[in-house]
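Engineer: What follows is the file upload-v2.cif, containing mmCIF, C-alpha atoms:
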data_work
#
loop_
_atom_site.group_PDB
_atom_site.id
_atom_site.type_symbol
_atom_site.label_atom_id
_atom_site.label_comp_id
_atom_site.auth_asym_id
_atom_site.auth_seq_id
_atom_site.Cartn_x
_atom_site.Cartn_y
_atom_site.Cartn_z
ATOM 1 C CA MET A 41 39.245 -36.805 22.646
ATOM 2 C CA ALA A 42 41.887 -37.104 19.931
ATOM 3 C CA ALA A 43 45.352 -37.985 21.189
ATOM 4 C CA GLN A 44 48.477 -37.051 19.269
ATOM 5 C CA THR A 45 50.638 -39.912 17.988
ATOM 6 C CA PRO A 46 54.033 -40.051 16.281
ATOM 7 C CA GLU A 47 54.042 -39.331 12.549
ATOM 8 C CA SER A 48 54.244 -42.420 10.338
ATOM 9 C CA GLU A 49 53.875 -43.402 6.694
ATOM 10 C CA ALA A 50 54.272 -39.826 5.457
ATOM 11 C CA ASN A 51 53.945 -40.899 1.835
ATOM 12 C CA PHE A 52 50.369 -42.049 2.507
ATOM 13 C CA LEU A 53 49.280 -38.489 3.243
ATOM 14 C CA GLN A 54 51.377 -36.988 0.458
ATOM 15 C CA VAL A 55 49.743 -39.205 -2.172
ATOM 16 C CA TYR A 56 46.274 -38.024 -1.210
ATOM 17 C CA LEU A 57 47.280 -34.385 -0.840
ATOM 18 C CA ALA A 58 48.641 -34.522 -4.367
ATOM 19 C CA ASP A 59 45.522 -36.239 -5.680
ATOM 20 C CA PHE A 60 42.822 -34.285 -3.843
ATOM 21 C CA PHE A 61 44.360 -30.827 -3.694
ATOM 22 C CA GLY A 62 46.480 -31.125 -6.836
ATOM 23 C CA ILE A 63 49.505 -30.011 -4.830
ATOM 24 C CA PRO A 64 52.782 -30.049 -6.804
ATOM 25 C CA ALA A 65 55.490 -32.363 -5.474
ATOM 26 C CA ALA A 66 57.670 -29.377 -4.550
ATOM 27 C CA HIS A 67 55.160 -28.301 -1.868
ATOM 28 C CA LEU A 68 53.942 -31.656 -0.555
ATOM 29 C CA GLU A 69 56.301 -31.993 2.387
ATOM 30 C CA GLN A 70 55.893 -28.331 3.259
ATOM 31 C CA ILE A 71 52.100 -28.625 3.481
ATOM 32 C CA GLN A 72 52.187 -32.051 5.104
ATOM 33 C CA ASN A 73 54.112 -30.518 8.005
ATOM 34 C CA PHE A 74 50.984 -28.583 8.965
ATOM 35 C CA PHE A 75 49.162 -31.885 9.658
ATOM 36 C CA GLN A 76 49.370 -33.838 12.924
ATOM 37 C CA ALA A 77 48.898 -37.586 13.301
ATOM 38 C CA GLU A 78 46.112 -38.318 15.781
ATOM 39 C CA ARG A 79 44.054 -41.205 17.109
ATOM 40 C CA ILE A 80 40.357 -41.096 17.930
ATOM 41 C CA SER A 81 39.033 -44.013 19.962
ATOM 42 C CA LYS A 82 35.795 -45.777 19.008
ATOM 43 C CA GLY A 83 32.885 -43.680 20.234
ATOM 44 C CA GLY A 84 35.058 -40.586 20.588
ATOM 45 C CA PHE A 85 34.240 -37.302 18.873
ATOM 46 C CA HIS A 86 36.143 -35.435 16.198
ATOM 47 C CA SER A 87 33.789 -32.479 16.757
ATOM 48 C CA LYS A 88 30.341 -31.920 18.230
ATOM 49 C CA GLN A 89 27.151 -30.266 17.057
ATOM 50 C CA GLY A 90 26.864 -26.716 18.354
ATOM 51 C CA GLY A 91 30.604 -26.397 18.931
ATOM 52 C CA ASN A 92 33.304 -25.135 16.608
ATOM 53 C CA CYS A 93 34.722 -27.646 14.108
ATOM 54 C CA ASP A 94 38.235 -26.223 14.093
ATOM 55 C CA ARG A 95 39.925 -29.153 12.374
ATOM 56 C CA LEU A 96 40.040 -30.795 8.957
ATOM 57 C CA SER A 97 41.094 -34.436 9.107
ATOM 58 C CA PHE A 98 42.135 -37.032 6.575
ATOM 59 C CA VAL A 99 41.261 -40.611 7.515
ATOM 60 C CA LYS A 100 44.115 -43.112 7.418
ATOM 61 C CA SER A 101 42.238 -45.970 9.105
ATOM 62 C CA GLY A 102 38.864 -46.473 10.734
ATOM 63 C CA MET A 103 35.566 -44.700 10.057
ATOM 64 C CA LEU A 104 33.914 -41.515 11.272
ATOM 65 C CA ARG A 105 30.189 -40.823 11.027
ATOM 66 C CA MET A 106 28.764 -37.330 10.532
ATOM 67 C CA HIS A 107 25.242 -37.193 11.966
ATOM 68 C CA ARG A 108 22.643 -34.929 13.549
ATOM 69 C CA LEU A 109 19.225 -35.074 15.159
ATOM 70 C CA HIS A 110 16.217 -34.039 13.050
ATOM 71 C CA GLY A 111 13.173 -34.050 15.265
ATOM 72 C CA ASP A 112 13.198 -37.450 16.911
ATOM 73 C CA ARG A 113 15.307 -39.041 14.153
ATOM 74 C CA GLU A 114 19.078 -39.288 13.943
ATOM 75 C CA ILE A 115 20.218 -38.684 10.366
ATOM 76 C CA THR A 116 23.556 -39.951 9.075
ATOM 77 C CA HIS A 117 24.864 -37.333 6.669
ATOM 78 C CA TRP A 118 28.141 -38.998 5.676
ATOM 79 C CA ILE A 119 30.611 -41.682 6.722
ATOM 80 C CA SER A 120 34.297 -41.078 6.031
ATOM 81 C CA GLY A 121 36.598 -44.071 5.686
ATOM 82 C CA PRO A 122 40.250 -44.389 4.667
ATOM 83 C CA GLY A 123 41.205 -41.971 1.912
ATOM 84 C CA TYR A 124 38.483 -39.422 2.703
ATOM 85 C CA PHE A 125 38.491 -36.089 4.484
ATOM 86 C CA VAL A 126 36.114 -35.333 7.347
ATOM 87 C CA VAL A 127 35.050 -31.818 8.399
ATOM 88 C CA ASP A 128 32.006 -29.612 8.871
ATOM 89 C CA LEU A 129 33.189 -27.237 6.159
ATOM 90 C CA ASN A 130 30.820 -24.387 7.040
ATOM 91 C CA SER A 131 31.974 -24.413 10.665
ATOM 92 C CA PHE A 132 35.634 -24.824 9.747
ATOM 93 C CA LEU A 133 35.796 -22.009 7.195
ATOM 94 C CA PHE A 134 33.333 -19.501 8.646
ATOM 95 C CA ALA A 135 33.534 -20.192 12.416
ATOM 96 C CA GLN A 136 29.829 -21.087 12.543
ATOM 97 C CA PRO A 137 28.445 -23.531 15.145
ATOM 98 C CA SER A 138 28.823 -27.053 13.822
ATOM 99 C CA ARG A 139 25.651 -28.629 12.450
ATOM 100 C CA PHE A 140 26.838 -32.192 13.070
ATOM 101 C CA ASP A 141 28.390 -34.595 15.503
ATOM 102 C CA ILE A 142 31.390 -36.309 13.916
ATOM 103 C CA GLN A 143 31.964 -39.536 15.837
ATOM 104 C CA ALA A 144 34.296 -42.514 15.430
ATOM 105 C CA LEU A 145 32.590 -45.794 14.525
ATOM 106 C CA SER A 146 35.868 -47.609 15.225
ATOM 107 C CA ASP A 147 39.343 -46.776 16.452
ATOM 108 C CA CYS A 148 40.651 -44.257 13.932
ATOM 109 C CA GLU A 149 43.967 -42.869 12.782
ATOM 110 C CA VAL A 150 43.732 -39.471 11.131
ATOM 111 C CA TYR A 151 45.956 -36.668 9.901
ATOM 112 C CA THR A 152 44.573 -33.358 11.170
ATOM 113 C CA ILE A 153 45.181 -29.740 10.311
ATOM 114 C CA TYR A 154 43.768 -27.157 12.704
ATOM 115 C CA LYS A 155 42.200 -23.930 11.460
ATOM 116 C CA ARG A 156 44.957 -21.781 12.952
ATOM 117 C CA ASP A 157 47.525 -23.718 10.868
ATOM 118 C CA TYR A 158 45.302 -23.951 7.790
ATOM 119 C CA ASP A 159 45.174 -20.151 7.733
ATOM 120 C CA ARG A 160 48.979 -19.996 7.742
ATOM 121 C CA ILE A 161 49.588 -22.179 4.679
ATOM 122 C CA GLY A 162 49.325 -19.227 2.299
ATOM 123 C CA ASP A 163 52.193 -17.504 4.117
ATOM 124 C CA GLU A 164 54.544 -20.338 3.161
ATOM 125 C CA VAL A 165 53.068 -21.576 -0.123
ATOM 126 C CA PRO A 166 52.314 -18.692 -2.521
ATOM 127 C CA GLU A 167 50.233 -20.946 -4.783
ATOM 128 C CA TRP A 168 47.930 -21.963 -1.927
ATOM 129 C CA ASN A 169 44.998 -19.724 -2.946
ATOM 130 C CA GLU A 170 44.762 -21.512 -6.293
ATOM 131 C CA LEU A 171 45.227 -24.938 -4.697
ATOM 132 C CA GLU A 172 42.529 -24.209 -2.129
ATOM 133 C CA LYS A 173 40.124 -23.292 -4.946
ATOM 134 C CA ARG A 174 40.705 -26.736 -6.474
ATOM 135 C CA PHE A 175 39.997 -28.378 -3.122
ATOM 136 C CA MET A 176 36.739 -26.451 -2.691
ATOM 137 C CA ALA A 177 35.729 -27.245 -6.272
ATOM 138 C CA LYS A 178 36.238 -30.957 -5.604
ATOM 139 C CA CYS A 179 34.171 -30.727 -2.427
ATOM 140 C CA PHE A 180 31.284 -29.074 -4.256
ATOM 141 C CA ALA A 181 31.524 -31.503 -7.180
ATOM 142 C CA MET A 182 31.196 -34.417 -4.749
ATOM 143 C CA LEU A 183 28.231 -32.717 -3.078
ATOM 144 C CA GLU A 184 26.538 -32.165 -6.446
ATOM 145 C CA GLU A 185 27.031 -35.816 -7.342
ATOM 146 C CA ARG A 186 25.467 -36.921 -4.068
ATOM 147 C CA MET A 187 22.511 -34.547 -4.503
ATOM 148 C CA PHE A 188 21.916 -35.778 -8.048
ATOM 149 C CA ALA A 189 22.048 -39.402 -6.895
ATOM 150 C CA GLN A 190 19.505 -38.747 -4.139
ATOM 151 C CA ILE A 191 16.932 -37.225 -6.476
ATOM 152 C CA SER A 192 17.494 -39.254 -9.643
ATOM 153 C CA LEU A 193 18.612 -42.783 -8.741
ATOM 154 C CA SER A 194 16.536 -45.624 -7.366
ATOM 155 C CA ALA A 195 17.310 -47.125 -3.968
ATOM 156 C CA ALA A 196 19.006 -50.078 -5.663
ATOM 157 C CA GLU A 197 21.103 -47.782 -7.852
ATOM 158 C CA ARG A 198 22.200 -45.673 -4.879
ATOM 159 C CA TYR A 199 23.239 -48.804 -3.017
ATOM 160 C CA ALA A 200 25.139 -50.146 -6.033
ATOM 161 C CA MET A 201 26.972 -46.836 -6.429
ATOM 162 C CA LEU A 202 28.006 -46.857 -2.779
ATOM 163 C CA GLU A 203 29.188 -50.446 -3.043
ATOM 164 C CA ALA A 204 31.288 -49.573 -6.090
ATOM 165 C CA GLN A 205 32.807 -46.446 -4.552
ATOM 166 C CA GLN A 206 33.187 -47.446 -0.887
ATOM 167 C CA PRO A 207 32.825 -51.223 -0.498
ATOM 168 C CA GLU A 208 34.360 -51.113 2.981
ATOM 169 C CA LEU A 209 31.244 -49.285 4.220
ATOM 170 C CA ILE A 210 29.033 -52.123 3.017
ATOM 171 C CA ARG A 211 31.158 -54.624 4.914
ATOM 172 C CA GLU A 212 31.697 -52.736 8.159
ATOM 173 C CA VAL A 213 28.988 -50.136 8.852
ATOM 174 C CA PRO A 214 25.686 -51.025 10.599
ATOM 175 C CA LEU A 215 22.744 -51.294 8.227
ATOM 176 C CA HIS A 216 20.676 -48.492 9.773
ATOM 177 C CA TYR A 217 23.519 -45.983 9.386
ATOM 178 C CA LEU A 218 23.963 -46.884 5.704
ATOM 179 C CA ALA A 219 20.226 -46.671 5.089
ATOM 180 C CA SER A 220 20.040 -43.217 6.654
ATOM 181 C CA MET A 221 23.009 -41.968 4.608
ATOM 182 C CA LEU A 222 21.422 -43.324 1.418
ATOM 183 C CA GLY A 223 18.063 -41.695 2.167
ATOM 184 C CA MET A 224 16.024 -44.863 2.626
ATOM 185 C CA SER A 225 14.592 -46.948 5.437
ATOM 186 C CA ALA A 226 16.520 -49.874 6.882
ATOM 187 C CA GLU A 227 13.732 -52.150 5.609
ATOM 188 C CA THR A 228 14.164 -50.873 2.049
ATOM 189 C CA LEU A 229 17.926 -51.359 2.220
ATOM 190 C CA SER A 230 17.444 -54.898 3.539
ATOM 191 C CA ARG A 231 15.209 -55.713 0.559
ATOM 192 C CA VAL A 232 17.718 -54.201 -1.882
ATOM 193 C CA ARG A 233 20.568 -56.256 -0.420
ATOM 194 C CA ALA A 234 18.437 -59.423 -0.378
ATOM 195 C CA LYS A 235 17.863 -59.054 -4.119
ATOM 196 C CA GLY A 236 21.615 -59.000 -4.672
ATOM 197 C CA PHE A 237 21.938 -55.513 -6.163
ATOM 198 C CA GLY A 238 25.516 -54.345 -6.429
ATOM 199 C CA GLU A 239 26.892 -57.872 -6.010
#
Could you spell out this file's structure in structure tokens?
Structural biologist:
Amino acid sequence: MAAQTPESEANFLQVYLADFFGIPAAHLEQIQNFFQAERISKGGFHSKQGGNCDRLSFVKSGMLRMHRLHGDREITHWISGPGYFVVDLNSFLFAQPSRFDIQALSDCEVYTIYKRDYDRIGDEVPEWNELEKRFMAKCFAMLEERMFAQISLSAAERYAMLEAQQPELIREVPLHYLASMLGMSAETLSRVRAKGFGE
């Protein structure tokens, strides 16, 4: 269960809000005030499959894994580290049952906005509809890039891309989680790493 903590290092969140949402400086503090600083202990859940993912969180420290069962296999969909958002977007926006468990791989510090507050931003920031469109466009662009990588790149190329974009995952996340997220077996990933790809 996430526990609320005192707000700290406000500029950290503002920098990423400006970068990811494209929020003008004049509105940064206003929007930041909708976020709460929280901690999630290792093994704790941000949200659970079948429930309602009513929060969008930005990771300050630690890592959260988005995963689900598929038959008898557990599939890692995504791992969010510092500087990334974590959410089941379909559940958050449309109040659908969450398709994933989102679980902390380590002790995490996050900035969280709850759906009830997210829906109020437009009342205080007239430009929010346009800013939200940019956010959604970035989300879909990232999804398209991942889909293209899965169907067009070799296992070694996918690993090298991950190492270039999120090297902290390579250092800190168990091999079988990385392999699942990259769409390959743990044995294949072990062979790729042994050959020195991405190094």
Engineer: Considering only C-alpha atoms, can you say which of A:Met187, A:Ala77, A:Leu96, A:Ile119 comes closest to A:Leu209?
Structural biologist: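 Looking at the shortest contact to A:Leu209, the residue is A:Ile119.
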Engineer: Using all atoms listed in the file, which residue out of A:Leu183, A:Leu202, A:Ala196, A:Ser220 lies closest to A:Arg233?
Structural biologist: A:Ala196
Engineer: Which polymer residues have any atom within 10 Å of an atom of A:Ser131, counting only C-alpha atoms, with same-chain residues fewer than 2 positions away left out, as an MDAnalysis selection string?
Structural biologist: chainID A and resid 89:95 127:129 133:140
Engineer: Would you work out the distance separating atom CA of A:Lys235 from atom CA of A:Ala195, expressed in Å to one decimal?
Structural biologist: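 Computing it gives 11.9 Å between the two atoms.
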Engineer: Mind checking which residues fall within 8 Å of stretch 157-170 of chain A, counting only C-alpha atoms, ignoring those fewer than 3 positions away in the same chain, and posting them as a PyMOL selection string?
Structural biologist: chain A and resi 67+71+74+153-154+173-174
Engineer: From the set A:Glu78, A:Glu185, A:Glu172, A:Asp59, which residue has the shortest atom-to-atom contact distance to A:Tyr124, counting all atoms listed in the file?
Structural biologist: A:Asp59
Engineer: Select all residues near (38.8, -38.9, 19.6) (cut-off 9 Å, inclusive, file coordinates), counting all atoms listed in the file, and output them as a PyMOL selection string.
Structural biologist: chain A and resi 41-43+78-87+143-144+147-148
Engineer: Give me the result of the PyMOL selection byres ((chain A and resi 116) around 7) on this file, residue by residue, as a list of chain:residue names.
Structural biologist: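 Evaluating the PyMOL selection byres ((chain A and resi 116) around 7) on this file yields A:Arg105, A:Met106, A:His107, A:Arg108, A:Glu114, A:Ile115, A:His117, A:Trp118, A:Tyr217, A:Ser220, A:Met221.
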Engineer: Between A:Gly236, A:Ser194, A:Glu208, A:Ile142, which is the closest to A:Leu222 once you count all atoms listed in the file?
Structural biologist: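 Going through A:Gly236, A:Ser194, A:Glu208, A:Ile142 one by one, the smallest distance to A:Leu222 is for A:Ser194.
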Engineer: Please return, as a list in words, all polymer residues that have at least one atom within 12 Å of the point (57.5, -34.3, -3.8); use all atoms listed in the file and the file's own coordinate frame.
Structural biologist: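 Residues lying no farther than 12 Å from the given point: Ala50, Asn51, Leu53, Gln54, Val55, Leu57, Ala58, Gly62, Ile63, Pro64, Ala65, Ala66, His67, Leu68, Glu69, Gln70, Ile71 and Gln72 of chain A.
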Engineer: Point out the residue among A:Phe180, A:Phe75, A:Phe60, A:Phe188 with the least atom-to-atom distance to A:Phe125, counting only C-alpha atoms.
Structural biologist: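 For A:Phe125, the nearest of the candidates is A:Phe60.
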Engineer: Assuming the input is short of atoms at stretch 180-195 of chain A, produce N, CA and C atoms for that part as a PDB file, keeping the file's coordinate frame.
Structural biologist:
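Result went into out09.pdb, see below:
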ATOM      1  N   PHE A 180      32.596 -29.392  -3.714  1.00  0.00           N
ATOM      2  CA  PHE A 180      31.284 -29.074  -4.256  1.00  0.00           C
ATOM      3  C   PHE A 180      30.880 -30.043  -5.358  1.00  0.00           C
ATOM      4  N   ALA A 181      31.835 -30.517  -6.142  1.00  0.00           N
ATOM      5  CA  ALA A 181      31.524 -31.503  -7.180  1.00  0.00           C
ATOM      6  C   ALA A 181      31.015 -32.799  -6.545  1.00  0.00           C
ATOM      7  N   MET A 182      31.649 -33.217  -5.452  1.00  0.00           N
ATOM      8  CA  MET A 182      31.196 -34.417  -4.749  1.00  0.00           C
ATOM      9  C   MET A 182      29.800 -34.214  -4.172  1.00  0.00           C
ATOM     10  N   LEU A 183      29.545 -33.017  -3.625  1.00  0.00           N
ATOM     11  CA  LEU A 183      28.231 -32.717  -3.078  1.00  0.00           C
ATOM     12  C   LEU A 183      27.163 -32.734  -4.167  1.00  0.00           C
ATOM     13  N   GLU A 184      27.480 -32.153  -5.328  1.00  0.00           N
ATOM     14  CA  GLU A 184      26.538 -32.165  -6.446  1.00  0.00           C
ATOM     15  C   GLU A 184      26.221 -33.583  -6.894  1.00  0.00           C
ATOM     16  N   GLU A 185      27.243 -34.422  -6.934  1.00  0.00           N
ATOM     17  CA  GLU A 185      27.031 -35.816  -7.342  1.00  0.00           C
ATOM     18  C   GLU A 185      26.106 -36.530  -6.363  1.00  0.00           C
ATOM     19  N   ARG A 186      26.322 -36.297  -5.077  1.00  0.00           N
ATOM     20  CA  ARG A 186      25.467 -36.921  -4.068  1.00  0.00           C
ATOM     21  C   ARG A 186      24.032 -36.418  -4.190  1.00  0.00           C
ATOM     22  N   MET A 187      23.855 -35.110  -4.381  1.00  0.00           N
ATOM     23  CA  MET A 187      22.511 -34.547  -4.503  1.00  0.00           C
ATOM     24  C   MET A 187      21.797 -35.122  -5.722  1.00  0.00           C
ATOM     25  N   PHE A 188      22.522 -35.235  -6.840  1.00  0.00           N
ATOM     26  CA  PHE A 188      21.916 -35.778  -8.048  1.00  0.00           C
ATOM     27  C   PHE A 188      21.506 -37.234  -7.829  1.00  0.00           C
ATOM     28  N   ALA A 189      22.360 -37.994  -7.155  1.00  0.00           N
ATOM     29  CA  ALA A 189      22.048 -39.402  -6.895  1.00  0.00           C
ATOM     30  C   ALA A 189      20.789 -39.530  -6.040  1.00  0.00           C
ATOM     31  N   GLN A 190      20.652 -38.667  -5.040  1.00  0.00           N
ATOM     32  CA  GLN A 190      19.505 -38.747  -4.139  1.00  0.00           C
ATOM     33  C   GLN A 190      18.188 -38.491  -4.853  1.00  0.00           C
ATOM     34  N   ILE A 191      18.201 -37.589  -5.832  1.00  0.00           N
ATOM     35  CA  ILE A 191      16.932 -37.225  -6.476  1.00  0.00           C
ATOM     36  C   ILE A 191      16.679 -37.970  -7.777  1.00  0.00           C
ATOM     37  N   SER A 192      17.679 -38.655  -8.318  1.00  0.00           N
ATOM     38  CA  SER A 192      17.494 -39.254  -9.643  1.00  0.00           C
ATOM     39  C   SER A 192      17.654 -40.771  -9.676  1.00  0.00           C
ATOM     40  N   LEU A 193      18.362 -41.347  -8.715  1.00  0.00           N
ATOM     41  CA  LEU A 193      18.612 -42.783  -8.741  1.00  0.00           C
ATOM     42  C   LEU A 193      17.654 -43.535  -7.836  1.00  0.00           C
ATOM     43  N   SER A 194      17.363 -44.775  -8.209  1.00  0.00           N
ATOM     44  CA  SER A 194      16.536 -45.624  -7.366  1.00  0.00           C
ATOM     45  C   SER A 194      17.325 -46.065  -6.140  1.00  0.00           C
ATOM     46  N   ALA A 195      16.638 -46.628  -5.170  1.00  0.00           N
ATOM     47  CA  ALA A 195      17.310 -47.125  -3.968  1.00  0.00           C
ATOM     48  C   ALA A 195      18.371 -48.156  -4.336  1.00  0.00           C
TER      49      ALA A 195
END
